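Q: Quick one: this structure, given as structure tokens, is what I'll be asking you about.
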Amino acid sequence: MPAPKKPKRLPALSFDHFFTYAELTDFVGKLAKARPDLVTLSSLGDSREGRPIHLLTITDSATGPAEDKPAYLIHGNIHAIELSGTHAALATCRQLCADHPKSDLLKRVAFYVVPRINPDGAEFAVTTSGTIRSRTDRSLREPNTLYQEDVDGNGLILTMRQEHPNGRFVADPKDRRLLIRRTAESKPPFYRTLPEGMIHQWDGTDNIKVEGRNFDWNRNWSYDWQPEPAQHGAGDFPFSEPEMRALAEFVFGRDNIFAVLGYHNGPNAVLRPPSTGADTDLDADDVKVMQDLAEIGAKHTKFPVIPVVKYRRDYQRDINLRGHFHNFGYHHLGLFVFEFELGMLLNSAGMKTKDDIFAVKSHQDYEAQIRRMMKWWDRQKKRAPIFRKWTGFEHPQLGRVEVGGLLKKHLAGPTLGDLRRIAAGTYKFTLAHAGRHPRVVIEAPQAEAVGGDVYRIRARVANRGEFPTHVSKKGRGLRRLKGVRVDFVPAEGVELLSRVGHHSLGHLAGVTDGRQLEWFVSAPGDGRTLCELRVSGGTGGNATARIPRP
Ligand SMILES: [Zn+2]
């Protein structure tokens, strides 16, 4: 699709609220319509509830289709309530378009962006503020189990608190909006808390479970996958979740993906592998490159760089996440893979991931941070509605409760104002990471008459990008990352005299690795073309050259 004479204005990306699925669909549709020469909107497949999972393919179509270029994959919002990821991914999509053609990146690289890999979970979170990880299984309703629901009809799923002699919470004397842990000195009333919802086949006892089976799709990737109970949320088998399977099939259906990035919400950080074990389990040179790239991310976002295993509170042991994205991306795709934890409201309120959030030693420390956050929030001019007043309600099963408290969807991320700035930083990281793409080219293709009908054809096939075609050391041995192949396709009536026509070059290192190739042909006719050279394989993109008769 050629560039429109006067490209339409790009749709504005408002950072004033999280998008519903309908709003997301509207935005990506408008972006694709504004720049049909750059953006192709398609679907990875349907979510479990039947929502198409939007995929944006972004590249300058005038310089060839996406599948012929090295490609960078971004996904966001795998966890339902981590809605910031969708906005960050969309900001990258929009900025790539805005920066073209001032930046020539889209002439050489394609971006595959899935802004919301979990549209069902996100819709639940954005419309109700209810909390699930990726998905819960509500088909198997278990007795004495509470399923989240908007019981009082105000459109939101909040927290229910109810006076109870065994209640673990009391109202915070320093901020009556909050609940804090009860201690031996606490004065009544004592509260028990539950998410707003209805209890399936309740036997009237205090033993109430919350939700059924919980799925965490960031434990459903194939590397080192372990079933429950070894890994909570794992699902039944790697890629058992249809949304994740759609993404896996997409990735393994393409040779050209050289980088992957995921967006999450947690205490702000640039996460890099490993998800289990230690750096020494990875190739040492790969760790250096990953750290180096992650520090670029840190520079642009002011986030700390943290290997996934160390993404934990100070007092906790290293976390070993099975079936996790980073280990999958490194060990199964052979790529340098990153996740941005885009932050939480605590970060926006001034608390730092390492010095504050991970440094807590007790419930009291944590409660002090929430209190501090509320004070900060009270001072803000422009405020998201993060708190709902505790309001009495006659629950059909529990009787008198109060419904209210903090809205999880706002706590889970930075303010949207902060997110705009953060997304500008992660975009710069993506440009730096993408700028290192491998790039396989055909140089100096030429033919020379050597007597009679015989011609000598020469060309150099080289990788002029920074990454090798196998990207990481780990990737060198993986069958997924194919070596570079040169197909020699003679024109009609042209006969190859050399013993070898096609060449398998294997992988090419970055920048300086090139092979001089030579063929002899006999071309008795007077056709204008002698042959075509087609270069494919590796992650460095495809190239073709038509060799004319000299
Ligand atoms: Zn997450």
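Scheme for the structure tokens: letters A, B, ... for chains in order shown; per-chain residue numbers from 1; ligand numbers from 1 in order shown.
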Name each residue within 12 Å of ligand 1, counting only C-alpha atoms and all ligand atoms, as a PyMOL selection string.
A: chain A and resi 75-86+117-118+122+132-134+216-219+262-269+271+308+311+324-325+339-344+412-413
Q: Would you export the selected residues with N, CA and C atoms as a short mmCIF file (atom, residue, chain, number, x, y, z; two decimals), in the first residue's frame, please?
A:
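Full text of again-v5.cif as output:
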```
data_model
loop_
_atom_site.label_atom_id
_atom_site.label_comp_id
_atom_site.auth_asym_id
_atom_site.auth_seq_id
_atom_site.Cartn_x
_atom_site.Cartn_y
_atom_site.Cartn_z
N HIS A 75 4.04 -7.59 23.44
CA HIS A 75 2.70 -7.94 23.93
C HIS A 75 2.47 -7.27 25.27
N GLY A 76 1.21 -7.02 25.57
CA GLY A 76 0.87 -6.36 26.82
C GLY A 76 -0.40 -6.93 27.43
N ASN A 77 -0.54 -6.69 28.74
CA ASN A 77 -1.80 -6.97 29.44
C ASN A 77 -2.14 -8.46 29.53
N ILE A 78 -1.10 -9.29 29.70
CA ILE A 78 -1.33 -10.74 29.88
C ILE A 78 -2.05 -10.98 31.20
N HIS A 79 -1.75 -10.11 32.18
CA HIS A 79 -2.44 -10.15 33.47
C HIS A 79 -3.57 -9.13 33.45
N ALA A 80 -4.74 -9.61 33.89
CA ALA A 80 -5.98 -8.88 33.64
C ALA A 80 -5.92 -7.41 34.06
N ILE A 81 -5.44 -7.18 35.28
CA ILE A 81 -5.55 -5.84 35.83
C ILE A 81 -4.38 -4.95 35.42
N GLU A 82 -3.42 -5.51 34.70
CA GLU A 82 -2.22 -4.75 34.35
C GLU A 82 -2.46 -3.99 33.05
N LEU A 83 -3.39 -3.05 33.16
CA LEU A 83 -3.92 -2.37 31.98
C LEU A 83 -2.95 -1.36 31.38
N SER A 84 -1.97 -0.92 32.16
CA SER A 84 -1.00 0.05 31.65
C SER A 84 -0.29 -0.48 30.41
N GLY A 85 -0.09 -1.80 30.36
CA GLY A 85 0.64 -2.40 29.25
C GLY A 85 -0.01 -2.13 27.91
N THR A 86 -1.34 -2.14 27.88
CA THR A 86 -2.04 -1.85 26.64
C THR A 86 -1.70 -0.44 26.17
N ILE A 117 -3.16 -9.02 25.02
CA ILE A 117 -3.22 -10.46 24.73
C ILE A 117 -4.35 -11.12 25.51
N ASN A 118 -4.82 -10.45 26.54
CA ASN A 118 -5.88 -11.02 27.38
C ASN A 118 -7.11 -10.10 27.39
N ALA A 122 -8.89 -8.40 30.79
CA ALA A 122 -8.77 -6.95 30.86
C ALA A 122 -10.15 -6.30 30.91
N ILE A 132 -8.54 -10.60 39.05
CA ILE A 132 -8.16 -11.98 38.74
C ILE A 132 -6.76 -11.89 38.15
N ARG A 133 -6.03 -13.00 38.10
CA ARG A 133 -4.68 -12.94 37.55
C ARG A 133 -4.77 -12.84 36.02
N SER A 134 -5.02 -13.95 35.33
CA SER A 134 -5.29 -13.88 33.89
C SER A 134 -6.72 -14.33 33.61
N ASP A 216 -2.56 -18.18 35.57
CA ASP A 216 -1.59 -17.11 35.34
C ASP A 216 -0.88 -17.44 34.03
N TRP A 217 -1.24 -16.70 32.99
CA TRP A 217 -0.71 -17.06 31.66
C TRP A 217 0.78 -16.81 31.54
N ASN A 218 1.34 -16.07 32.47
CA ASN A 218 2.79 -15.92 32.43
C ASN A 218 3.48 -17.08 33.14
N ARG A 219 2.73 -18.18 33.34
CA ARG A 219 3.31 -19.45 33.79
C ARG A 219 2.91 -20.55 32.81
N GLY A 262 7.58 -7.70 26.76
CA GLY A 262 6.26 -7.80 27.39
C GLY A 262 6.05 -6.64 28.36
N TYR A 263 4.80 -6.21 28.47
CA TYR A 263 4.47 -5.12 29.39
C TYR A 263 3.61 -5.63 30.55
N HIS A 264 4.01 -5.26 31.75
CA HIS A 264 3.30 -5.65 32.98
C HIS A 264 3.19 -4.46 33.93
N ASN A 265 2.44 -4.68 35.01
CA ASN A 265 2.42 -3.75 36.13
C ASN A 265 2.86 -4.46 37.38
N GLY A 266 3.83 -3.89 38.01
CA GLY A 266 4.30 -4.31 39.31
C GLY A 266 5.20 -3.18 39.73
N PRO A 267 5.85 -3.28 40.88
CA PRO A 267 6.83 -2.24 41.25
C PRO A 267 7.77 -1.99 40.06
N ASN A 268 7.98 -0.73 39.69
CA ASN A 268 8.61 -0.48 38.39
C ASN A 268 10.00 -1.07 38.29
N ALA A 269 10.28 -1.66 37.14
CA ALA A 269 11.55 -2.36 36.92
C ALA A 269 11.68 -2.73 35.45
N LEU A 271 12.85 -5.87 33.69
CA LEU A 271 13.16 -7.27 34.02
C LEU A 271 13.87 -7.94 32.86
N VAL A 308 14.59 -11.53 36.74
CA VAL A 308 13.27 -11.97 37.25
C VAL A 308 13.39 -12.67 38.61
N TYR A 311 13.23 -10.39 41.52
CA TYR A 311 12.11 -9.45 41.58
C TYR A 311 11.20 -9.86 42.74
N HIS A 324 7.71 -19.44 32.50
CA HIS A 324 7.68 -17.98 32.47
C HIS A 324 8.25 -17.44 31.16
N PHE A 325 7.78 -16.27 30.79
CA PHE A 325 8.10 -15.64 29.50
C PHE A 325 9.60 -15.47 29.26
N GLU A 339 10.92 -7.56 30.01
CA GLU A 339 9.59 -7.10 30.42
C GLU A 339 9.78 -5.78 31.15
N PHE A 340 8.90 -4.86 30.86
CA PHE A 340 8.83 -3.67 31.69
C PHE A 340 7.71 -3.87 32.69
N GLU A 341 8.08 -3.77 33.98
CA GLU A 341 7.06 -3.62 35.01
C GLU A 341 6.85 -2.12 35.08
N LEU A 342 5.68 -1.68 34.65
CA LEU A 342 5.48 -0.24 34.41
C LEU A 342 5.24 0.55 35.68
N GLY A 343 5.12 -0.15 36.79
CA GLY A 343 4.95 0.55 38.05
C GLY A 343 3.58 0.35 38.65
N MET A 344 3.45 0.88 39.86
CA MET A 344 2.19 0.83 40.61
C MET A 344 1.92 2.22 41.13
N ALA A 412 -2.99 -0.79 40.72
CA ALA A 412 -2.10 -1.72 40.00
C ALA A 412 -1.13 -1.00 39.08
N GLY A 413 -1.38 0.26 38.77
CA GLY A 413 -0.50 0.94 37.82
C GLY A 413 -0.09 2.31 38.29
#
```
Q: Just the alpha helix (DSSP H) stuff from segment 100-329 of chain A, please, per backbone DSSP, written as an NGL selection string.
A: :A and (105-108 or 119-128 or 242-252 or 284-301 or 325-327)
Q: Grab the residues selected above and save them as a CSV table (one decimal), in the first residue's frame with N, CA and C atoms.
A:
```
chain,number,residue,atom,x,y,z
A,105,LEU,N,13.6,3.5,10.6
A,105,LEU,CA,13.5,2.2,11.2
A,105,LEU,C,12.4,1.3,10.5
A,106,LEU,N,11.3,1.9,10.2
A,106,LEU,CA,10.2,1.1,9.6
A,106,LEU,C,10.5,0.7,8.2
A,107,LYS,N,11.5,1.3,7.6
A,107,LYS,CA,11.9,0.8,6.3
A,107,LYS,C,12.6,-0.5,6.4
A,108,ARG,N,13.2,-0.8,7.5
A,108,ARG,CA,14.1,-2.0,7.7
A,108,ARG,C,13.5,-3.0,8.7
A,119,PRO,N,-7.8,-10.0,26.3
A,119,PRO,CA,-8.9,-9.1,26.2
A,119,PRO,C,-10.1,-9.4,27.2
A,120,ASP,N,-10.3,-10.7,27.5
A,120,ASP,CA,-11.4,-11.0,28.4
A,120,ASP,C,-11.1,-10.6,29.8
A,121,GLY,N,-9.9,-10.9,30.3
A,121,GLY,CA,-9.5,-10.6,31.6
A,121,GLY,C,-9.4,-9.1,31.8
A,122,ALA,N,-8.9,-8.4,30.8
A,122,ALA,CA,-8.8,-6.9,30.9
A,122,ALA,C,-10.2,-6.3,30.9
A,123,GLU,N,-11.1,-6.9,30.2
A,123,GLU,CA,-12.4,-6.3,30.2
A,123,GLU,C,-13.1,-6.4,31.6
A,124,PHE,N,-12.9,-7.5,32.2
A,124,PHE,CA,-13.3,-7.7,33.5
A,124,PHE,C,-12.7,-6.7,34.5
A,125,ALA,N,-11.4,-6.5,34.3
A,125,ALA,CA,-10.7,-5.6,35.2
A,125,ALA,C,-11.1,-4.1,35.0
A,126,VAL,N,-11.2,-3.8,33.7
A,126,VAL,CA,-11.4,-2.3,33.4
A,126,VAL,C,-12.9,-1.9,33.7
A,127,THR,N,-13.8,-2.9,33.5
A,127,THR,CA,-15.2,-2.5,33.7
A,127,THR,C,-15.6,-2.6,35.2
A,128,THR,N,-15.0,-3.6,35.9
A,128,THR,CA,-15.4,-3.8,37.3
A,128,THR,C,-14.4,-3.4,38.4
A,242,PRO,N,-5.9,-20.7,25.1
A,242,PRO,CA,-6.0,-20.5,23.6
A,242,PRO,C,-5.3,-19.2,23.2
A,243,GLU,N,-5.4,-18.1,24.1
A,243,GLU,CA,-4.7,-16.9,23.7
A,243,GLU,C,-3.2,-17.0,23.6
A,244,MET,N,-2.7,-17.8,24.6
A,244,MET,CA,-1.2,-18.0,24.6
A,244,MET,C,-0.8,-18.9,23.4
A,245,ARG,N,-1.7,-19.9,23.1
A,245,ARG,CA,-1.4,-20.8,22.0
A,245,ARG,C,-1.4,-20.0,20.7
A,246,ALA,N,-2.3,-19.1,20.6
A,246,ALA,CA,-2.4,-18.3,19.4
A,246,ALA,C,-1.1,-17.5,19.2
A,247,LEU,N,-0.6,-17.0,20.3
A,247,LEU,CA,0.7,-16.2,20.2
A,247,LEU,C,1.9,-17.1,19.9
A,248,ALA,N,1.9,-18.3,20.5
A,248,ALA,CA,3.0,-19.2,20.2
A,248,ALA,C,3.0,-19.6,18.8
A,249,GLU,N,1.8,-19.9,18.3
A,249,GLU,CA,1.7,-20.3,16.9
A,249,GLU,C,2.2,-19.2,15.9
A,250,PHE,N,1.8,-18.0,16.3
A,250,PHE,CA,2.3,-16.9,15.5
A,250,PHE,C,3.8,-16.8,15.5
A,251,VAL,N,4.4,-16.9,16.7
A,251,VAL,CA,5.8,-16.7,16.8
A,251,VAL,C,6.6,-17.8,16.1
A,252,PHE,N,6.1,-19.1,16.3
A,252,PHE,CA,6.8,-20.2,15.7
A,252,PHE,C,6.5,-20.3,14.2
A,284,ALA,N,27.4,-16.5,29.4
A,284,ALA,CA,27.9,-15.3,30.0
A,284,ALA,C,27.9,-14.1,29.1
A,285,ASP,N,28.2,-14.3,27.8
A,285,ASP,CA,28.2,-13.2,26.9
A,285,ASP,C,26.7,-12.7,26.7
A,286,ASP,N,25.8,-13.6,26.6
A,286,ASP,CA,24.4,-13.2,26.5
A,286,ASP,C,23.9,-12.4,27.7
A,287,VAL,N,24.3,-12.8,28.9
A,287,VAL,CA,24.0,-12.0,30.1
A,287,VAL,C,24.5,-10.6,29.9
A,288,LYS,N,25.7,-10.4,29.4
A,288,LYS,CA,26.3,-9.1,29.2
A,288,LYS,C,25.5,-8.2,28.3
A,289,VAL,N,25.0,-8.8,27.2
A,289,VAL,CA,24.2,-8.1,26.2
A,289,VAL,C,22.9,-7.7,26.8
A,290,MET,N,22.3,-8.6,27.5
A,290,MET,CA,21.0,-8.4,28.1
A,290,MET,C,21.1,-7.3,29.2
A,291,GLN,N,22.1,-7.3,30.0
A,291,GLN,CA,22.3,-6.3,31.0
A,291,GLN,C,22.5,-4.9,30.4
A,292,ASP,N,23.3,-4.9,29.3
A,292,ASP,CA,23.6,-3.7,28.6
A,292,ASP,C,22.3,-3.1,28.0
A,293,LEU,N,21.5,-3.9,27.4
A,293,LEU,CA,20.3,-3.4,26.8
A,293,LEU,C,19.3,-3.0,27.9
A,294,ALA,N,19.2,-3.8,29.0
A,294,ALA,CA,18.3,-3.5,30.1
A,294,ALA,C,18.7,-2.1,30.7
A,295,GLU,N,20.0,-1.8,30.7
A,295,GLU,CA,20.4,-0.5,31.3
A,295,GLU,C,20.0,0.6,30.4
A,296,ILE,N,19.9,0.4,29.1
A,296,ILE,CA,19.3,1.4,28.2
A,296,ILE,C,17.9,1.7,28.6
A,297,GLY,N,17.1,0.6,28.9
A,297,GLY,CA,15.8,0.7,29.4
A,297,GLY,C,15.7,1.5,30.7
A,298,ALA,N,16.7,1.2,31.6
A,298,ALA,CA,16.7,1.9,32.9
A,298,ALA,C,17.0,3.4,32.7
A,299,LYS,N,17.9,3.7,31.8
A,299,LYS,CA,18.3,5.1,31.6
A,299,LYS,C,17.0,5.9,31.1
A,300,HIS,N,16.2,5.3,30.3
A,300,HIS,CA,15.1,6.1,29.7
A,300,HIS,C,13.9,6.1,30.6
A,301,THR,N,13.8,5.2,31.6
A,301,THR,CA,12.6,5.1,32.5
A,301,THR,C,12.9,5.4,33.9
A,325,PHE,N,7.8,-16.3,30.8
A,325,PHE,CA,8.1,-15.6,29.5
A,325,PHE,C,9.6,-15.5,29.3
A,326,HIS,N,10.3,-15.0,30.3
A,326,HIS,CA,11.7,-14.7,30.0
A,326,HIS,C,12.6,-15.9,29.7
A,327,ASN,N,12.3,-17.0,30.5
A,327,ASN,CA,13.1,-18.2,30.2
A,327,ASN,C,12.7,-18.8,28.8
```
Q: Skipping near chain neighbours, those fewer than 5 positions away, what residues fall within 12 Å of Lys174 of chain A using only C-alpha atoms, listed as a ChimeraX atom specification?
A: /A:179-180,367-368,370-372,374-375
Q: If you count only C-alpha atoms, which residues fall within 12 Å of Ala12 of chain A, apart from same-chain ones fewer than 2 positions away, as a list of chain:residue names?
A: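 With the cut-off at 12 Å, the set is A:Lys8, A:Arg9, A:Leu10, A:Ser14, A:Phe15, A:Asp16, A:Asp26, A:Phe27, A:Val28, A:Lys30, A:Leu31, A:Ala34, A:His87, A:Leu90, A:Ala91, A:Cys93, A:Arg94, A:Gln95, A:Ala98.
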Q: Based on the selection just made, write N, CA and C atoms of those residues as a PDB file, in the first residue's frame.
A:
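The file below, part_5.pdb, is the result:
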```pdb
ATOM      1  N   LYS A   8      -3.356  10.927   6.927  1.00  0.00           N
ATOM      2  CA  LYS A   8      -4.346  11.450   7.882  1.00  0.00           C
ATOM      3  C   LYS A   8      -3.695  11.658   9.240  1.00  0.00           C
ATOM      4  N   ARG A   9      -4.271  12.539   9.999  1.00  0.00           N
ATOM      5  CA  ARG A   9      -3.764  12.742  11.371  1.00  0.00           C
ATOM      6  C   ARG A   9      -3.883  11.447  12.147  1.00  0.00           C
ATOM      7  N   LEU A  10      -2.871  11.186  12.931  1.00  0.00           N
ATOM      8  CA  LEU A  10      -2.932   9.995  13.783  1.00  0.00           C
ATOM      9  C   LEU A  10      -3.938  10.241  14.897  1.00  0.00           C
ATOM     10  N   SER A  14      -5.368   9.120  24.307  1.00  0.00           N
ATOM     11  CA  SER A  14      -5.645   9.840  25.551  1.00  0.00           C
ATOM     12  C   SER A  14      -5.152   9.023  26.735  1.00  0.00           C
ATOM     13  N   PHE A  15      -4.463   9.687  27.649  1.00  0.00           N
ATOM     14  CA  PHE A  15      -3.978   9.051  28.865  1.00  0.00           C
ATOM     15  C   PHE A  15      -4.843   9.511  30.032  1.00  0.00           C
ATOM     16  N   ASP A  16      -6.172   9.480  29.848  1.00  0.00           N
ATOM     17  CA  ASP A  16      -7.014   9.890  30.965  1.00  0.00           C
ATOM     18  C   ASP A  16      -7.868   8.754  31.518  1.00  0.00           C
ATOM     19  N   ASP A  26     -11.504   0.687  18.649  1.00  0.00           N
ATOM     20  CA  ASP A  26     -11.676   1.961  17.954  1.00  0.00           C
ATOM     21  C   ASP A  26     -10.309   2.601  17.669  1.00  0.00           C
ATOM     22  N   PHE A  27      -9.432   2.596  18.670  1.00  0.00           N
ATOM     23  CA  PHE A  27      -8.133   3.256  18.496  1.00  0.00           C
ATOM     24  C   PHE A  27      -7.281   2.551  17.436  1.00  0.00           C
ATOM     25  N   VAL A  28      -7.172   1.229  17.550  1.00  0.00           N
ATOM     26  CA  VAL A  28      -6.306   0.521  16.589  1.00  0.00           C
ATOM     27  C   VAL A  28      -6.886   0.622  15.176  1.00  0.00           C
ATOM     28  N   LYS A  30      -8.582   3.190  13.976  1.00  0.00           N
ATOM     29  CA  LYS A  30      -8.289   4.545  13.485  1.00  0.00           C
ATOM     30  C   LYS A  30      -6.823   4.678  13.081  1.00  0.00           C
ATOM     31  N   LEU A  31      -5.949   4.056  13.861  1.00  0.00           N
ATOM     32  CA  LEU A  31      -4.518   4.132  13.540  1.00  0.00           C
ATOM     33  C   LEU A  31      -4.243   3.449  12.191  1.00  0.00           C
ATOM     34  N   ALA A  34      -5.543   5.626   9.438  1.00  0.00           N
ATOM     35  CA  ALA A  34      -4.760   6.844   9.206  1.00  0.00           C
ATOM     36  C   ALA A  34      -3.488   6.538   8.417  1.00  0.00           C
ATOM     37  N   HIS A  87      -1.751   0.504  27.101  1.00  0.00           N
ATOM     38  CA  HIS A  87      -1.477   1.894  26.729  1.00  0.00           C
ATOM     39  C   HIS A  87      -0.029   2.082  26.274  1.00  0.00           C
ATOM     40  N   LEU A  90       0.316   0.703  22.826  1.00  0.00           N
ATOM     41  CA  LEU A  90      -0.332   1.576  21.840  1.00  0.00           C
ATOM     42  C   LEU A  90       0.496   2.845  21.618  1.00  0.00           C
ATOM     43  N   ALA A  91       1.115   3.340  22.693  1.00  0.00           N
ATOM     44  CA  ALA A  91       1.953   4.539  22.545  1.00  0.00           C
ATOM     45  C   ALA A  91       3.109   4.255  21.590  1.00  0.00           C
ATOM     46  N   CYS A  93       3.089   1.984  19.155  1.00  0.00           N
ATOM     47  CA  CYS A  93       2.514   1.887  17.806  1.00  0.00           C
ATOM     48  C   CYS A  93       2.332   3.280  17.200  1.00  0.00           C
ATOM     49  N   ARG A  94       1.766   4.162  17.977  1.00  0.00           N
ATOM     50  CA  ARG A  94       1.475   5.499  17.469  1.00  0.00           C
ATOM     51  C   ARG A  94       2.763   6.259  17.176  1.00  0.00           C
ATOM     52  N   GLN A  95       3.734   6.148  18.091  1.00  0.00           N
ATOM     53  CA  GLN A  95       4.972   6.906  17.929  1.00  0.00           C
ATOM     54  C   GLN A  95       5.792   6.389  16.748  1.00  0.00           C
ATOM     55  N   ALA A  98       4.290   8.151  13.957  1.00  0.00           N
ATOM     56  CA  ALA A  98       4.571   9.590  13.994  1.00  0.00           C
ATOM     57  C   ALA A  98       6.010   9.882  13.573  1.00  0.00           C
TER      58      ALA A  98
END
```
Q: From the DSSP assignment of the backbone, select every residue of segment 25-182 of chain A that is strand (DSSP E or B), and format the answer as a PyMOL selection string.
A: chain A and resi 39-46+52-58+71-76+110-114+135-136+145-148+159-163+169-172+175-181
Q: Produce a file of the selected residues containing C-alpha atoms, as a JSON list (two decimals), in the first residue's frame.
A:
```
[["chain", "number", "residue", "atom", "x", "y", "z"],
["A", 39, "VAL", "CA", -0.18, -0.33, 9.85],
["A", 40, "THR", "CA", -2.04, -3.56, 9.15],
["A", 41, "LEU", "CA", -4.64, -4.58, 11.68],
["A", 42, "SER", "CA", -5.44, -8.25, 12.00],
["A", 43, "SER", "CA", -6.26, -10.77, 14.70],
["A", 44, "LEU", "CA", -4.18, -13.45, 16.37],
["A", 45, "GLY", "CA", -7.37, -15.41, 16.86],
["A", 46, "ASP", "CA", -10.34, -15.18, 19.21],
["A", 52, "PRO", "CA", -10.57, -10.97, 18.38],
["A", 53, "ILE", "CA", -7.06, -10.47, 19.81],
["A", 54, "HIS", "CA", -5.79, -7.42, 17.95],
["A", 55, "LEU", "CA", -2.43, -7.66, 16.21],
["A", 56, "LEU", "CA", -0.86, -4.60, 14.63],
["A", 57, "THR", "CA", 1.82, -5.17, 12.03],
["A", 58, "ILE", "CA", 3.77, -1.97, 11.57],
["A", 71, "ALA", "CA", 10.68, -8.21, 13.38],
["A", 72, "TYR", "CA", 10.17, -7.05, 16.96],
["A", 73, "LEU", "CA", 7.30, -8.51, 18.97],
["A", 74, "ILE", "CA", 5.55, -6.65, 21.78],
["A", 75, "HIS", "CA", 2.70, -7.94, 23.93],
["A", 76, "GLY", "CA", 0.87, -6.36, 26.82],
["A", 110, "ALA", "CA", 8.65, -4.73, 11.24],
["A", 111, "PHE", "CA", 6.84, -4.56, 14.57],
["A", 112, "TYR", "CA", 4.23, -7.06, 15.64],
["A", 113, "VAL", "CA", 2.28, -5.57, 18.51],
["A", 114, "VAL", "CA", -0.41, -7.32, 20.55],
["A", 135, "ARG", "CA", -8.42, -15.99, 34.04],
["A", 136, "THR", "CA", -10.41, -17.93, 36.59],
["A", 145, "THR", "CA", -16.40, -20.39, 47.12],
["A", 146, "LEU", "CA", -16.95, -16.72, 46.50],
["A", 147, "TYR", "CA", -17.13, -15.62, 42.88],
["A", 148, "GLN", "CA", -16.60, -11.92, 42.27],
["A", 159, "THR", "CA", -14.15, -4.99, 48.87],
["A", 160, "MET", "CA", -16.76, -6.14, 51.39],
["A", 161, "ARG", "CA", -15.92, -5.71, 55.04],
["A", 162, "GLN", "CA", -18.01, -7.22, 57.77],
["A", 163, "GLU", "CA", -17.70, -7.09, 61.53],
["A", 169, "PHE", "CA", -8.51, -6.06, 60.16],
["A", 170, "VAL", "CA", -9.44, -2.83, 61.91],
["A", 171, "ALA", "CA", -9.99, 0.66, 60.54],
["A", 172, "ASP", "CA", -6.69, 2.52, 60.41],
["A", 175, "ASP", "CA", -6.67, 7.14, 57.98],
["A", 176, "ARG", "CA", -10.18, 5.81, 58.49],
["A", 177, "ARG", "CA", -10.50, 4.96, 54.79],
["A", 178, "LEU", "CA", -7.97, 2.17, 55.18],
["A", 179, "LEU", "CA", -7.96, -1.17, 56.91],
["A", 180, "ILE", "CA", -4.89, -2.37, 58.73],
["A", 181, "ARG", "CA", -3.92, -5.67, 60.34]]
```
Q: Enter the distance from atom CA of Ala22 of chain A to atom CA of Glu241 of chain A, in Å, rounded to one decimal.
A: 22.8 Å
Q: Kindly provide the residues of segment 265-337 of chain A that approach segment 460-478 of chain A to within 8 Å, each paired with its closest atom pair and their distance in Å to one decimal, based on only C-alpha atoms, listed by chain and increasing number, as a tab-separated table.
A:
```
residue	atom	partner	partner_atom	distance
A:Asp283	CA	A:Lys473	CA	6.8
A:Asp285	CA	A:Lys473	CA	7.5
A:Asp286	CA	A:Ser472	CA	6.1
A:Tyr330	CA	A:Lys474	CA	7.2
A:His331	CA	A:Lys474	CA	6.8
A:His332	CA	A:Leu478	CA	7.5
A:Leu333	CA	A:Gly475	CA	6.8
A:Gly334	CA	A:Gly475	CA	3.8
A:Leu335	CA	A:Ser472	CA	5.9
A:Phe336	CA	A:Ser472	CA	6.9
```
Q: Could you write out the selected residues, including N, CA and C atoms, as a PDB file, in the first residue's frame?
A:
```pdb
ATOM      1  N   ASP A 283      24.372 -18.196  29.034  1.00  0.00           N
ATOM      2  CA  ASP A 283      25.661 -17.881  28.432  1.00  0.00           C
ATOM      3  C   ASP A 283      26.139 -16.519  28.965  1.00  0.00           C
ATOM      4  N   ASP A 285      28.189 -14.283  27.824  1.00  0.00           N
ATOM      5  CA  ASP A 285      28.158 -13.163  26.865  1.00  0.00           C
ATOM      6  C   ASP A 285      26.726 -12.666  26.668  1.00  0.00           C
ATOM      7  N   ASP A 286      25.790 -13.605  26.646  1.00  0.00           N
ATOM      8  CA  ASP A 286      24.378 -13.212  26.498  1.00  0.00           C
ATOM      9  C   ASP A 286      23.932 -12.358  27.680  1.00  0.00           C
ATOM     10  N   TYR A 330      14.295 -16.702  26.057  1.00  0.00           N
ATOM     11  CA  TYR A 330      15.739 -16.917  25.930  1.00  0.00           C
ATOM     12  C   TYR A 330      16.050 -18.348  25.481  1.00  0.00           C
ATOM     13  N   HIS A 331      15.485 -19.327  26.185  1.00  0.00           N
ATOM     14  CA  HIS A 331      15.875 -20.714  25.924  1.00  0.00           C
ATOM     15  C   HIS A 331      15.178 -21.315  24.701  1.00  0.00           C
ATOM     16  N   HIS A 332      13.952 -20.905  24.432  1.00  0.00           N
ATOM     17  CA  HIS A 332      13.229 -21.512  23.307  1.00  0.00           C
ATOM     18  C   HIS A 332      13.238 -20.649  22.049  1.00  0.00           C
ATOM     19  N   LEU A 333      13.319 -19.349  22.216  1.00  0.00           N
ATOM     20  CA  LEU A 333      13.398 -18.497  21.019  1.00  0.00           C
ATOM     21  C   LEU A 333      14.834 -18.041  20.753  1.00  0.00           C
ATOM     22  N   GLY A 334      15.681 -18.113  21.748  1.00  0.00           N
ATOM     23  CA  GLY A 334      17.074 -17.681  21.570  1.00  0.00           C
ATOM     24  C   GLY A 334      17.221 -16.176  21.499  1.00  0.00           C
ATOM     25  N   LEU A 335      16.305 -15.456  22.112  1.00  0.00           N
ATOM     26  CA  LEU A 335      16.290 -13.994  21.970  1.00  0.00           C
ATOM     27  C   LEU A 335      16.591 -13.292  23.296  1.00  0.00           C
ATOM     28  N   PHE A 336      16.978 -12.046  23.169  1.00  0.00           N
ATOM     29  CA  PHE A 336      17.102 -11.188  24.346  1.00  0.00           C
ATOM     30  C   PHE A 336      15.706 -10.661  24.637  1.00  0.00           C
TER      31      PHE A 336
END
```
